[in-house]
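Here the structure comes first, spelled out in structure tokens, and everything after it is commentary.
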Amino acid sequence: MKSKTKDWVFQGLLIALGVVLTRFASIRINIGGVEGIRIGLGTLPILIAGFMFGPLPGTLVGALTDIIGYLLSPMGGPYFPHFTLTTALRGTIAGLFAYSRRPLSPKTKILSAILIAEIGVGLFLTPYFLHTIFGIPWKILLLPRLVATPIQIAIYTYTILLLNHTPLFTISLANYQEKNLS
């Protein structure tokens with residue numbers, strides 16, 4: 001029970017960090033009166049949650065980060081569950097790759113998860129929702145993301161690879177894999 005409580009507390013801290021980094025410490029670029037691009041490190045705690053605790057906690061951390069962030073700072077519009085889905089998917093993807101049984105190196109799992117999450121969700125799914133909901137043209141949505149996405153991929157990958165060398169991060173990954181492989 002003590003280990004579960006410790007995990008929940010750490011996940012709560014990741015949610016708080018995600019909210020602060022996303023809502024209050026990001027560069028926002030408005031397109032057509034709507035936030036079209038957000039550049040920051042808000043996704044990093046969600047990816048970390050997925051890598052450390054698995055797909056379900058990663059999903060919950062992502063979803064709660066978005067919902068709590070919206071409640072604290074709505075950014076001038078109604079709530080759209082589409083964007084909660086996109087943040088939750090990032091945690092899910094990280095968790096699925098980190099704890100898959102495929103014989104891949106940790107570096108490959110980390111890089112693959114970040115690439116799929118940022119390209120699939122950040123570069124395509126989020127702009128798709130912005131286009132469908134607000135009617136923002138694709139060209140306007142994709143061009144700035146083509147610049148921002150590789151930068152964010154590099155930052156997230158570098159940071160998580162550094163974390164992978166710390167005992168907390170690696171032990172969590174090993175313990176989860178041992179539990180699930182038994």
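Ordering of the structure tokens sets the chain letters (A, B, ...); residue numbers start at 1 within each chain; ligands are numbered from 1 in the order shown.
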
Using DSSP on the backbone coordinates, identify all residues within chain A classified as helix (DSSP H, G or I); present the result as number ranges by chain.
A: 2-24, 44-53, 55-72, 81-98, 106-134, 138-163, 167-181

Taking a cut-off of 12 Å and counting only C-alpha atoms, can you build a table that, for each residue of segment 70-110 of chain A near segment 136-157 of chain A, reports the nearest atom pair and how far apart they are in Å (one decimal), sorted by chain then residue number, as JSON lines?
```
{"residue": "A:Ala94", "atom": "CA", "partner": "A:Thr157", "partner_atom": "CA", "distance": 11.5}
{"residue": "A:Pro106", "atom": "CA", "partner": "A:Thr157", "partner_atom": "CA", "distance": 11.5}
{"residue": "A:Lys107", "atom": "CA", "partner": "A:Thr157", "partner_atom": "CA", "distance": 8.9}
{"residue": "A:Thr108", "atom": "CA", "partner": "A:Thr157", "partner_atom": "CA", "distance": 10.4}
{"residue": "A:Lys109", "atom": "CA", "partner": "A:Thr157", "partner_atom": "CA", "distance": 10.5}
{"residue": "A:Ile110", "atom": "CA", "partner": "A:Thr157", "partner_atom": "CA", "distance": 6.9}
```

By how many Å are atom CA of Gly50 of chain A and atom CA of Thr92 of chain A apart?
6.2 Å

Selection: 10 Å around Val19 of chain A, only C-alpha atoms, excl. self and same-chain fewer than 6 positions, as a compact mmCIF listing (two decimals) with C-alpha atoms, in the first residue's frame:
```txt
# COMPACT_ATOMS: atom_id res chain seq x y z
CA LEU A 13 3.12 16.09 -8.63
CA ALA A 25 4.99 28.62 -18.66
CA GLY A 42 3.87 20.72 -20.56
CA THR A 43 3.88 17.35 -22.31
CA PRO A 45 5.42 15.29 -17.20
CA GLY A 62 -2.56 13.45 -19.26
CA LEU A 64 -6.22 15.29 -15.44
CA THR A 65 -3.48 17.71 -16.47
CA ASP A 66 -5.73 19.06 -19.20
CA ILE A 67 -8.93 19.14 -17.13
CA ILE A 68 -7.35 20.77 -14.07
CA GLY A 69 -5.43 23.16 -16.32
CA TYR A 70 -8.66 24.18 -18.00
CA LEU A 72 -7.52 26.94 -13.44
CA SER A 73 -6.96 28.81 -16.70
```

In Å to one decimal, how far is atom CA of Gly120 of chain A from atom CA of Thr132 of chain A?
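Result for atom CA of Thr132 of chain A versus atom CA of Gly120 of chain A: 16.6 Å, one decimal.
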
Between atom CA of Phe53 of chain A and atom CA of Arg28 of chain A, measure the distance and give it in Å to one decimal.
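Answer for the atom CA of Phe53 of chain A to atom CA of Arg28 of chain A separation: 29.5 Å.
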
Close residues, segment 162-164 of chain A itself excluded, 12 Å, only C-alpha atoms, min 2 positions apart in chain, as a ChimeraX atom specification:
/A:44-45,47-48,51-52,98,105-107,109-110,155-160,166-174

For the residues selected in the previous step, produce a file with C-alpha atoms as an mmCIF file, in the first residue's frame.
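Saved file selection31.cif follows:
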```
data_model
loop_
_atom_site.group_PDB
_atom_site.id
_atom_site.type_symbol
_atom_site.label_atom_id
_atom_site.label_comp_id
_atom_site.auth_asym_id
_atom_site.auth_seq_id
_atom_site.Cartn_x
_atom_site.Cartn_y
_atom_site.Cartn_z
ATOM 1 C CA LEU A 44 7.062 16.247 -20.548
ATOM 2 C CA PRO A 45 5.418 15.293 -17.196
ATOM 3 C CA LEU A 47 5.356 11.375 -21.010
ATOM 4 C CA ILE A 48 7.286 10.764 -17.788
ATOM 5 C CA PHE A 51 7.190 5.833 -18.947
ATOM 6 C CA MET A 52 7.348 5.427 -15.178
ATOM 7 C CA ALA A 98 7.817 1.709 -22.189
ATOM 8 C CA SER A 105 16.415 -1.052 -26.044
ATOM 9 C CA PRO A 106 15.131 1.596 -23.628
ATOM 10 C CA LYS A 107 16.510 4.307 -25.944
ATOM 11 C CA LYS A 109 11.360 2.659 -26.824
ATOM 12 C CA ILE A 110 11.743 6.232 -25.576
ATOM 13 C CA ILE A 155 14.026 18.330 -25.911
ATOM 14 C CA TYR A 156 11.673 15.579 -24.670
ATOM 15 C CA THR A 157 13.957 12.787 -25.881
ATOM 16 C CA TYR A 158 17.075 14.328 -24.370
ATOM 17 C CA THR A 159 15.384 15.000 -21.025
ATOM 18 C CA ILE A 160 13.825 11.546 -20.720
ATOM 19 C CA THR A 166 18.540 8.083 -12.621
ATOM 20 C CA PRO A 167 17.690 5.310 -10.141
ATOM 21 C CA LEU A 168 14.062 6.378 -9.620
ATOM 22 C CA PHE A 169 13.202 6.292 -13.304
ATOM 23 C CA THR A 170 15.038 3.076 -14.199
ATOM 24 C CA ILE A 171 13.936 1.185 -11.101
ATOM 25 C CA SER A 172 10.295 2.080 -11.759
ATOM 26 C CA LEU A 173 10.617 0.825 -15.318
ATOM 27 C CA ALA A 174 12.290 -2.425 -14.232
#
```

Tell me, which residues of segment 7-182 of chain A carry DSSP strand (DSSP E), written as a PyMOL selection string?
chain A and resi 27-31+34-39
